[in-house]
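Here is the structure we will look at, set down as structure tokens.
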Amino acid sequence: MKGRLSLPRCTMAFGAVAAVLLAGMATLSFAAEPIDGAEPVPVYQSRLSFADLGHQQSLELQGSESSVFLGFGSRLDETVDEAELLLDYTVSPSLRAVYSHLKVYLNNELMGSIPFSEADIGQRRQSRVSLDPRYFGDFNSVRVELIGHLTDDCWNPDEPTIWTELSQSSEVLLSVKKRRLRNDLALLPAPFFDERDFTALELPVVLPSDYSLGVVHAAALTSSYFGSLSTWRGASFPVEIDTLPERHSIVLMTNNQRPRAFAEFPQVDKPTLQVISHPDNPYVKLLLIQGRDDSQLITAVKGLALGQSLLTGQVAEINSVDQLKPRQPYDAPNWVRTDRPVKLGELVNDLTELQVSGRLPGPVNISLQVPPDLFTWQSRGIPLDVSYRYSPTAGKSTGSKMNFFVNNQFVEGFNLTPRGIDGEEKELRVPLLDDGLVGTGDRVRIPAFRVGTRNRLSFQFAFSAQVDGSCRVVPAGSYQAAITGDSTIDFTGFPHYIEMPNLHAFVTAGFPFSRLADLADTAMVVPPQPGPAVVQSLLDVSGFIGASTGYPGLAMTVTDNLESDDVKAKNLLLIDVAPGLGGKVGNNDNLHLLVENAERQLRRPLRNDSGRLNAERETQDSAPVDQVSLRAEGAFAAIVGMESPFKADRSVVAIVADKPKDLLDVGVAMRDSGKLPYMFGSVVTIRGDRVASFHVGDNYYVGELPLLQLIWFHFSKHPVLLAFMALLLIVLLTLALWRILAVYAARRLKQGNDS
């Protein structure tokens with residue numbers, strides 16, 4: 001066993017007493033560590049609003065038996081002691097009191113009901129429902145169901161007047177006890193990243209005060225790895241210098257570069273991973289990543305990223321990490337495959353996610369990420385072969401439907417037949433959507449303009465009530481519906497071609513750096529002896545790109561020198577404070593935003609729709625026509641995109657700021673989904689919580705198109721020129737054909753004269 005950090009007496013082995021305590025705690029999880037009975041267990045209160053759980057607007061329960069679902073997890077190092085649901089809701093004025101109520105379920109166990117009294121009808125109310133901690137698991141689902149009843153003797157359960165609105169300020173209130181985990185690498189990536197925790201990842205990285213560029217490189221690889229785990233949650237990596245925060249943290253050190261608290265910690269001879277308890281808080285864990293030198297430290301990080309499933313015990317030594325085969329463009333695990341049709345079952349963690357139950361169930365949601373440079377210009381759409389099953393409906397014409405949405409935009413709706421499927425898969429003949437005209441075919445074609453980098457396909461089933469004379473009666477039994485996992489979506493045949501600079505592709509997918517998932521053609525350029533703010537900005541961006549691809553950027557280059565030919569041949573991501581970019585990527589004449597201390601200079605284009613991502617734009621609209629130069633104090637940061645001056649088809653993205661702390665605003669903006677639609681073009685300015693974007697300067701294209709498609713695309717906005725060139729081509733072909741025929745005729749005349 002490798003050396004341990006000296007800990008207070010309460011964190012050391014307990015001997016025979018601990019063995020007795022362990023026997024008495026046999027019902028706890030395998031991950032739990034024995035706790036001194038005299039030591040108080042930390043307890044804290046957690047409040048998760050519906051907005052925190054991903055619902056950015058109020059939730060409407062429409063129709064009797066309609067439901068909404070809330071998902072959240074329980075961390076490995078926590079135990080829920082008490083819980084309740086605080087509902088803030090408004091009741092339809094048409095509902096009948098006493099008969100109408102809300103039912104609350106936790107993981108399909110009924111927790112309680114909220115009856116509507118006469119005083120509640122038409123009013124906004126708050127109610128609390130206790131959630132039994134015994135039914136909490138790793139992943140939890142709270143379902144709220146509306147049972148609505150009207151005052152009429154004969155009424156329709158689908159009546160629009162049957163509704164209840166749940167405010168996004170409603171909360172899940174938790175009283176949580178901390179659990180002490182044992183020091184075991186087998187638990188990784190928990191507790192540093194816990195997939196059960198749906199909140200954004202914030203993982204401190206502890207560095208020594210004398211950190212080298214190699215340590216910074218290792219830290220960037222570490223953040224890229226943990227970012228790849230965080231996916232949609234978002235991730236940030238606060239940098240701590242020589243201090244240990246009282247929360248789960250990563251510590252990077254070599255034998256000669258160590259945080260102050262580890263000055264006497266035993267040195268290592270090989271790349272080493274070790275997990276220990278915090279010296280002041282046994283409930284907090286520290287992951288020590290160590291190496292004899294910078295090279296070994298980087299190897300240790302790669303061993304963590306690629307060898308996680310092999311790690312056990314408190315200490316592990318990494319012998320070697322080798323890449324057997326280079327990664328190919330667009331093979332990022334988080335990106336949908338474009339080399340073959342993809343089954344929808346491949347896009348979910350469990351096939352049960354494709355199933356729903358109830359008369360008005362929640363939608364079946366499928367998320368997918370598409371390469372930003374997928375060229376869909378003038379495409380008929382993206383083929384989706386979909387089939388589904390559902391319980392047979394009652395009656396001859398019930399109005400039961402399945403509606404299909406892409407990114408919350410309605411695409412198509414389909415009637416559910418009374419016959420049903422009876423458990424057999426059936427290929428649905430879905431109308432073809434093409435330029436607004438409906439035809440027939442075996443596929444849904446998703447309009448290409450509705451597909452972005454991050455997408456969500458939604459299938460919403462709705463079963464109507466049975467028709468019975470003048471009244472409608474809800475049929476007995478529970479409705480079931482499922483999208484078959486063998487349904488496919490097909491992105492094959494689309495080339496990769498995109499106009500640059502395109503900062504929207506960068507802030508949503510890390511493109512063009514994410515084109516290779518391991519960032520083999522990416523160089524992160526920082527100033528010599530980068531400060532903590534520059535390092536944290538580098539870690540945040542590395543983690544963000546890892547979250548986009550789902551793979552750590554283990555082949556990235558981190559450098560402070562742009563003179564190397566190898567570096568110049570890569571896509572460049574520059575992070576710096578105040579000195580400007582002119583001396584690094586050409587001259588100031590090529591830059592449309594300059595930042596130097598408090599001095600700022602911006603060139604503005606002929607036309608600019610800074611608030612509209614998809615605004616129609618002509619090439620000449622981006623020409624700079626105005627320039628403003630000023631001096632101002634206050635927070636200011638920017639992202640600038642341009643073509644690399646060192647190699648064609650390569651890109652430069654620069655993150656700059658007036659002051660070191662302003663760099664962190666860039667990461668905050670990139671993690672804010674509300675700001676992303678307003679970040680695009682070649683220049684994005686960030687002033688606190690405000691962003692502005694500009695299409696200014698020359699554009700360029702990366703990728704490849706077939707020759708005819710390339711010509712047609714670039715001349716499509718110049719029909720007169722295209723017609724002239726077509727006419728010229730016809731004339732040239734005519735002259736060439738006339739010449740060939742003339743030569744042939746002359747030969748025949750000569751042969752006739754000779755005979």
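Quick note on naming: the chains in the structure tokens go A, B, ... in the order shown, residues restart at 1 in each chain, and ligands are numbered from 1 in order of appearance.
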
I want to know what sits within 7 Å of stretch 456-458 of chain A, based on only C-alpha atoms, with residues of the same chain fewer than 2 positions away left out; could you give that as a list in words?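 In the requested form, the answer reads Pro363, Val364, Asn365, Ile366, Ser367, Leu368, Phe404, Phe405, Val406, Asn407 and Gln460 of chain A.
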
Can those selected residues be exported to a file as a PDB file, in the first residue's frame so that it contains N, CA and C atoms?
ATOM      1  N   PRO A 363     -44.383  12.086 -23.060  1.00  0.00           N
ATOM      2  CA  PRO A 363     -43.835  11.714 -24.373  1.00  0.00           C
ATOM      3  C   PRO A 363     -42.672  10.740 -24.253  1.00  0.00           C
ATOM      4  N   VAL A 364     -42.441   9.980 -25.318  1.00  0.00           N
ATOM      5  CA  VAL A 364     -41.212   9.202 -25.466  1.00  0.00           C
ATOM      6  C   VAL A 364     -40.179  10.141 -26.083  1.00  0.00           C
ATOM      7  N   ASN A 365     -39.146  10.471 -25.322  1.00  0.00           N
ATOM      8  CA  ASN A 365     -38.130  11.413 -25.782  1.00  0.00           C
ATOM      9  C   ASN A 365     -36.839  10.678 -26.111  1.00  0.00           C
ATOM     10  N   ILE A 366     -36.269  11.005 -27.264  1.00  0.00           N
ATOM     11  CA  ILE A 366     -35.003  10.421 -27.702  1.00  0.00           C
ATOM     12  C   ILE A 366     -34.072  11.561 -28.079  1.00  0.00           C
ATOM     13  N   SER A 367     -32.933  11.651 -27.401  1.00  0.00           N
ATOM     14  CA  SER A 367     -31.966  12.714 -27.677  1.00  0.00           C
ATOM     15  C   SER A 367     -30.869  12.194 -28.592  1.00  0.00           C
ATOM     16  N   LEU A 368     -30.432  13.036 -29.498  1.00  0.00           N
ATOM     17  CA  LEU A 368     -29.319  12.684 -30.372  1.00  0.00           C
ATOM     18  C   LEU A 368     -28.547  13.936 -30.735  1.00  0.00           C
ATOM     19  N   PHE A 404     -45.744  13.517 -33.516  1.00  0.00           N
ATOM     20  CA  PHE A 404     -44.288  13.457 -33.608  1.00  0.00           C
ATOM     21  C   PHE A 404     -43.721  14.869 -33.662  1.00  0.00           C
ATOM     22  N   PHE A 405     -42.735  15.140 -32.794  1.00  0.00           N
ATOM     23  CA  PHE A 405     -42.113  16.462 -32.696  1.00  0.00           C
ATOM     24  C   PHE A 405     -40.597  16.319 -32.839  1.00  0.00           C
ATOM     25  N   VAL A 406     -39.968  17.340 -33.402  1.00  0.00           N
ATOM     26  CA  VAL A 406     -38.511  17.461 -33.423  1.00  0.00           C
ATOM     27  C   VAL A 406     -38.150  18.798 -32.802  1.00  0.00           C
ATOM     28  N   ASN A 407     -37.399  18.758 -31.705  1.00  0.00           N
ATOM     29  CA  ASN A 407     -37.007  19.986 -31.012  1.00  0.00           C
ATOM     30  C   ASN A 407     -38.218  20.863 -30.690  1.00  0.00           C
ATOM     31  N   GLN A 460     -45.575  11.612 -28.835  1.00  0.00           N
ATOM     32  CA  GLN A 460     -46.597  11.868 -27.824  1.00  0.00           C
ATOM     33  C   GLN A 460     -47.855  11.063 -28.139  1.00  0.00           C
TER      34      GLN A 460
END

Polymer residues at most 8 Å from stretch 287-290 of chain A, only C-alpha atoms, same-chain spacing of 4 or more positions, as a VMD selection string: chain A and resid 249 to 255 268 271 to 276 296 to 297 300 to 301

Go ahead and write the residues just picked, C-alpha atoms, as a PDB file, in the first residue's frame.
ATOM      1  CA  SER A 249     -11.574  17.190  -5.378  1.00  0.00           C
ATOM      2  CA  ILE A 250      -8.831  16.111  -7.785  1.00  0.00           C
ATOM      3  CA  VAL A 251      -5.208  16.664  -6.723  1.00  0.00           C
ATOM      4  CA  LEU A 252      -2.417  16.622  -9.339  1.00  0.00           C
ATOM      5  CA  MET A 253       1.222  16.492  -8.290  1.00  0.00           C
ATOM      6  CA  THR A 254       4.673  15.223  -9.222  1.00  0.00           C
ATOM      7  CA  ASN A 255       7.561  14.427  -6.922  1.00  0.00           C
ATOM      8  CA  VAL A 268       6.161   7.684  -6.359  1.00  0.00           C
ATOM      9  CA  PRO A 271       2.202   6.882 -12.604  1.00  0.00           C
ATOM     10  CA  THR A 272      -0.100   6.424  -9.614  1.00  0.00           C
ATOM     11  CA  LEU A 273      -3.760   6.859  -8.725  1.00  0.00           C
ATOM     12  CA  GLN A 274      -4.839   6.937  -5.090  1.00  0.00           C
ATOM     13  CA  VAL A 275      -8.019   7.877  -3.244  1.00  0.00           C
ATOM     14  CA  ILE A 276      -7.879   9.162   0.340  1.00  0.00           C
ATOM     15  CA  GLN A 296       4.260  10.198 -15.820  1.00  0.00           C
ATOM     16  CA  LEU A 297       1.533  12.497 -14.526  1.00  0.00           C
ATOM     17  CA  ALA A 300      -1.584   8.555 -14.917  1.00  0.00           C
ATOM     18  CA  VAL A 301      -4.462  10.700 -16.210  1.00  0.00           C
TER      19      VAL A 301
END

So which residues touch A:Ser49 within 10 Å, counting only C-alpha atoms, skipping near sequence neighbours fewer than 4 positions away, as a PyMOL selection string? chain A and resi 53-55+85-87+167-173

Which of A:Thr488, A:Ser548, A:Thr199, A:Ser228 sits closest to A:Gln369 [using only C-alpha atoms]: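 Distance minimum relative to A:Gln369 lands on A:Ser548.
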
Looking at only C-alpha atoms, which of A:Gly703, A:Tyr283, A:Ala235, A:Phe680 is the one that sits closest to A:Pro371?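 Among A:Gly703, A:Tyr283, A:Ala235, A:Phe680, it is A:Gly703 that comes nearest to A:Pro371.
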
Please determine, counting only C-alpha atoms, which residue among A:Glu65, A:Gln123, A:Glu633, A:Thr243 has the shortest atom-to-atom distance to A:Tyr479.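 Comparing A:Glu65, A:Gln123, A:Glu633, A:Thr243 against A:Tyr479, the winner is A:Glu65.
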
Determine which residues of stretch 154-277 of chain A DSSP labels as strand (DSSP E or B) from the backbone of this structure, then write them out as a PDB file with N, CA and C atoms, in the first residue's frame.
ATOM      1  N   TRP A 163     -58.125  20.883 -16.353  1.00  0.00           N
ATOM      2  CA  TRP A 163     -56.697  21.148 -16.339  1.00  0.00           C
ATOM      3  C   TRP A 163     -56.251  21.616 -14.955  1.00  0.00           C
ATOM      4  N   THR A 164     -54.967  21.449 -14.721  1.00  0.00           N
ATOM      5  CA  THR A 164     -54.295  22.007 -13.540  1.00  0.00           C
ATOM      6  C   THR A 164     -52.883  22.376 -13.963  1.00  0.00           C
ATOM      7  N   GLU A 165     -52.443  23.549 -13.568  1.00  0.00           N
ATOM      8  CA  GLU A 165     -51.125  24.059 -13.953  1.00  0.00           C
ATOM      9  C   GLU A 165     -50.182  23.975 -12.748  1.00  0.00           C
ATOM     10  N   LEU A 166     -49.033  23.309 -12.941  1.00  0.00           N
ATOM     11  CA  LEU A 166     -48.015  23.201 -11.896  1.00  0.00           C
ATOM     12  C   LEU A 166     -46.913  24.212 -12.174  1.00  0.00           C
ATOM     13  N   GLU A 171     -41.226  22.422  -5.736  1.00  0.00           N
ATOM     14  CA  GLU A 171     -39.929  21.908  -5.313  1.00  0.00           C
ATOM     15  C   GLU A 171     -40.039  20.504  -4.731  1.00  0.00           C
ATOM     16  N   VAL A 172     -38.938  19.776  -4.858  1.00  0.00           N
ATOM     17  CA  VAL A 172     -38.724  18.549  -4.101  1.00  0.00           C
ATOM     18  C   VAL A 172     -37.780  18.905  -2.962  1.00  0.00           C
ATOM     19  N   LEU A 173     -38.235  18.744  -1.717  1.00  0.00           N
ATOM     20  CA  LEU A 173     -37.460  19.110  -0.538  1.00  0.00           C
ATOM     21  C   LEU A 173     -36.867  17.845   0.067  1.00  0.00           C
ATOM     22  N   LEU A 174     -35.545  17.839   0.240  1.00  0.00           N
ATOM     23  CA  LEU A 174     -34.850  16.653   0.730  1.00  0.00           C
ATOM     24  C   LEU A 174     -34.033  16.989   1.962  1.00  0.00           C
ATOM     25  N   SER A 175     -34.097  16.104   2.952  1.00  0.00           N
ATOM     26  CA  SER A 175     -33.183  16.141   4.090  1.00  0.00           C
ATOM     27  C   SER A 175     -32.226  14.967   3.903  1.00  0.00           C
ATOM     28  N   VAL A 176     -30.959  15.278   3.690  1.00  0.00           N
ATOM     29  CA  VAL A 176     -29.999  14.271   3.229  1.00  0.00           C
ATOM     30  C   VAL A 176     -28.895  14.087   4.267  1.00  0.00           C
ATOM     31  N   LYS A 177     -28.580  12.823   4.561  1.00  0.00           N
ATOM     32  CA  LYS A 177     -27.456  12.485   5.423  1.00  0.00           C
ATOM     33  C   LYS A 177     -26.263  12.084   4.558  1.00  0.00           C
ATOM     34  N   LYS A 178     -25.099  12.579   4.937  1.00  0.00           N
ATOM     35  CA  LYS A 178     -23.881  12.184   4.238  1.00  0.00           C
ATOM     36  C   LYS A 178     -23.477  10.780   4.660  1.00  0.00           C
ATOM     37  N   LEU A 181     -17.798   7.007   2.454  1.00  0.00           N
ATOM     38  CA  LEU A 181     -17.417   5.939   1.538  1.00  0.00           C
ATOM     39  C   LEU A 181     -16.027   5.424   1.883  1.00  0.00           C
ATOM     40  N   LEU A 201     -21.960  19.446 -12.891  1.00  0.00           N
ATOM     41  CA  LEU A 201     -20.756  18.989 -12.202  1.00  0.00           C
ATOM     42  C   LEU A 201     -19.860  20.186 -11.896  1.00  0.00           C
ATOM     43  N   GLU A 202     -19.456  20.310 -10.640  1.00  0.00           N
ATOM     44  CA  GLU A 202     -18.464  21.307 -10.230  1.00  0.00           C
ATOM     45  C   GLU A 202     -17.393  20.573  -9.440  1.00  0.00           C
ATOM     46  N   VAL A 205     -10.064  21.312  -8.898  1.00  0.00           N
ATOM     47  CA  VAL A 205      -8.782  20.712  -9.261  1.00  0.00           C
ATOM     48  C   VAL A 205      -7.699  21.446  -8.481  1.00  0.00           C
ATOM     49  N   VAL A 206      -6.962  20.700  -7.659  1.00  0.00           N
ATOM     50  CA  VAL A 206      -5.943  21.284  -6.787  1.00  0.00           C
ATOM     51  C   VAL A 206      -4.585  21.143  -7.458  1.00  0.00           C
ATOM     52  N   LEU A 207      -3.881  22.283  -7.604  1.00  0.00           N
ATOM     53  CA  LEU A 207      -2.565  22.306  -8.231  1.00  0.00           C
ATOM     54  C   LEU A 207      -1.544  22.880  -7.258  1.00  0.00           C
ATOM     55  N   ALA A 235     -20.298  21.190 -16.908  1.00  0.00           N
ATOM     56  CA  ALA A 235     -19.228  20.953 -15.942  1.00  0.00           C
ATOM     57  C   ALA A 235     -18.340  22.177 -15.830  1.00  0.00           C
ATOM     58  N   SER A 236     -17.866  22.424 -14.617  1.00  0.00           N
ATOM     59  CA  SER A 236     -16.878  23.472 -14.375  1.00  0.00           C
ATOM     60  C   SER A 236     -15.830  22.916 -13.421  1.00  0.00           C
ATOM     61  N   VAL A 239     -10.131  26.023 -10.039  1.00  0.00           N
ATOM     62  CA  VAL A 239      -8.720  25.728  -9.766  1.00  0.00           C
ATOM     63  C   VAL A 239      -8.364  26.244  -8.379  1.00  0.00           C
ATOM     64  N   GLU A 240      -7.819  25.354  -7.564  1.00  0.00           N
ATOM     65  CA  GLU A 240      -7.355  25.707  -6.226  1.00  0.00           C
ATOM     66  C   GLU A 240      -5.835  25.552  -6.199  1.00  0.00           C
ATOM     67  N   ILE A 241      -5.154  26.563  -5.690  1.00  0.00           N
ATOM     68  CA  ILE A 241      -3.697  26.535  -5.608  1.00  0.00           C
ATOM     69  C   ILE A 241      -3.277  26.317  -4.163  1.00  0.00           C
ATOM     70  N   SER A 249     -12.477  16.429  -4.510  1.00  0.00           N
ATOM     71  CA  SER A 249     -11.574  17.190  -5.378  1.00  0.00           C
ATOM     72  C   SER A 249     -10.550  16.263  -6.016  1.00  0.00           C
ATOM     73  N   ILE A 250      -9.934  16.775  -7.102  1.00  0.00           N
ATOM     74  CA  ILE A 250      -8.831  16.111  -7.785  1.00  0.00           C
ATOM     75  C   ILE A 250      -7.545  16.836  -7.407  1.00  0.00           C
ATOM     76  N   VAL A 251      -6.506  16.084  -7.059  1.00  0.00           N
ATOM     77  CA  VAL A 251      -5.208  16.664  -6.723  1.00  0.00           C
ATOM     78  C   VAL A 251      -4.180  16.123  -7.706  1.00  0.00           C
ATOM     79  N   LEU A 252      -3.463  17.022  -8.404  1.00  0.00           N
ATOM     80  CA  LEU A 252      -2.417  16.622  -9.339  1.00  0.00           C
ATOM     81  C   LEU A 252      -1.069  17.061  -8.802  1.00  0.00           C
ATOM     82  N   MET A 253      -0.096  16.128  -8.813  1.00  0.00           N
ATOM     83  CA  MET A 253       1.222  16.492  -8.290  1.00  0.00           C
ATOM     84  C   MET A 253       2.277  15.523  -8.822  1.00  0.00           C
ATOM     85  N   THR A 254       3.502  16.038  -8.912  1.00  0.00           N
ATOM     86  CA  THR A 254       4.673  15.223  -9.222  1.00  0.00           C
ATOM     87  C   THR A 254       5.570  15.215  -7.984  1.00  0.00           C
ATOM     88  N   THR A 272       0.650   6.989 -10.742  1.00  0.00           N
ATOM     89  CA  THR A 272      -0.100   6.424  -9.614  1.00  0.00           C
ATOM     90  C   THR A 272      -1.424   7.132  -9.414  1.00  0.00           C
ATOM     91  N   LEU A 273      -2.454   6.350  -9.108  1.00  0.00           N
ATOM     92  CA  LEU A 273      -3.760   6.859  -8.725  1.00  0.00           C
ATOM     93  C   LEU A 273      -4.048   6.389  -7.307  1.00  0.00           C
ATOM     94  N   GLN A 274      -4.551   7.294  -6.478  1.00  0.00           N
ATOM     95  CA  GLN A 274      -4.839   6.937  -5.090  1.00  0.00           C
ATOM     96  C   GLN A 274      -6.016   7.778  -4.594  1.00  0.00           C
ATOM     97  N   VAL A 275      -6.901   7.163  -3.839  1.00  0.00           N
ATOM     98  CA  VAL A 275      -8.019   7.877  -3.244  1.00  0.00           C
ATOM     99  C   VAL A 275      -7.851   7.859  -1.732  1.00  0.00           C
ATOM    100  N   ILE A 276      -8.005   9.029  -1.111  1.00  0.00           N
ATOM    101  CA  ILE A 276      -7.879   9.162   0.340  1.00  0.00           C
ATOM    102  C   ILE A 276      -9.006  10.047   0.848  1.00  0.00           C
ATOM    103  N   SER A 277      -9.164  10.073   2.161  1.00  0.00           N
ATOM    104  CA  SER A 277     -10.127  10.966   2.789  1.00  0.00           C
ATOM    105  C   SER A 277      -9.486  12.321   3.045  1.00  0.00           C
TER     106      SER A 277
END

Using only C-alpha atoms, pick whichever of A:Ser92, A:Ser224, A:Ser464, A:Gln308 has the shortest atom-to-atom distance to A:Asn156.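 For A:Asn156, the nearest of the given residues is A:Ser464.
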
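The two atoms in question, atom CA of A:Leu630 and atom CA of A:Arg600, are spaced 5.5 Å apart.
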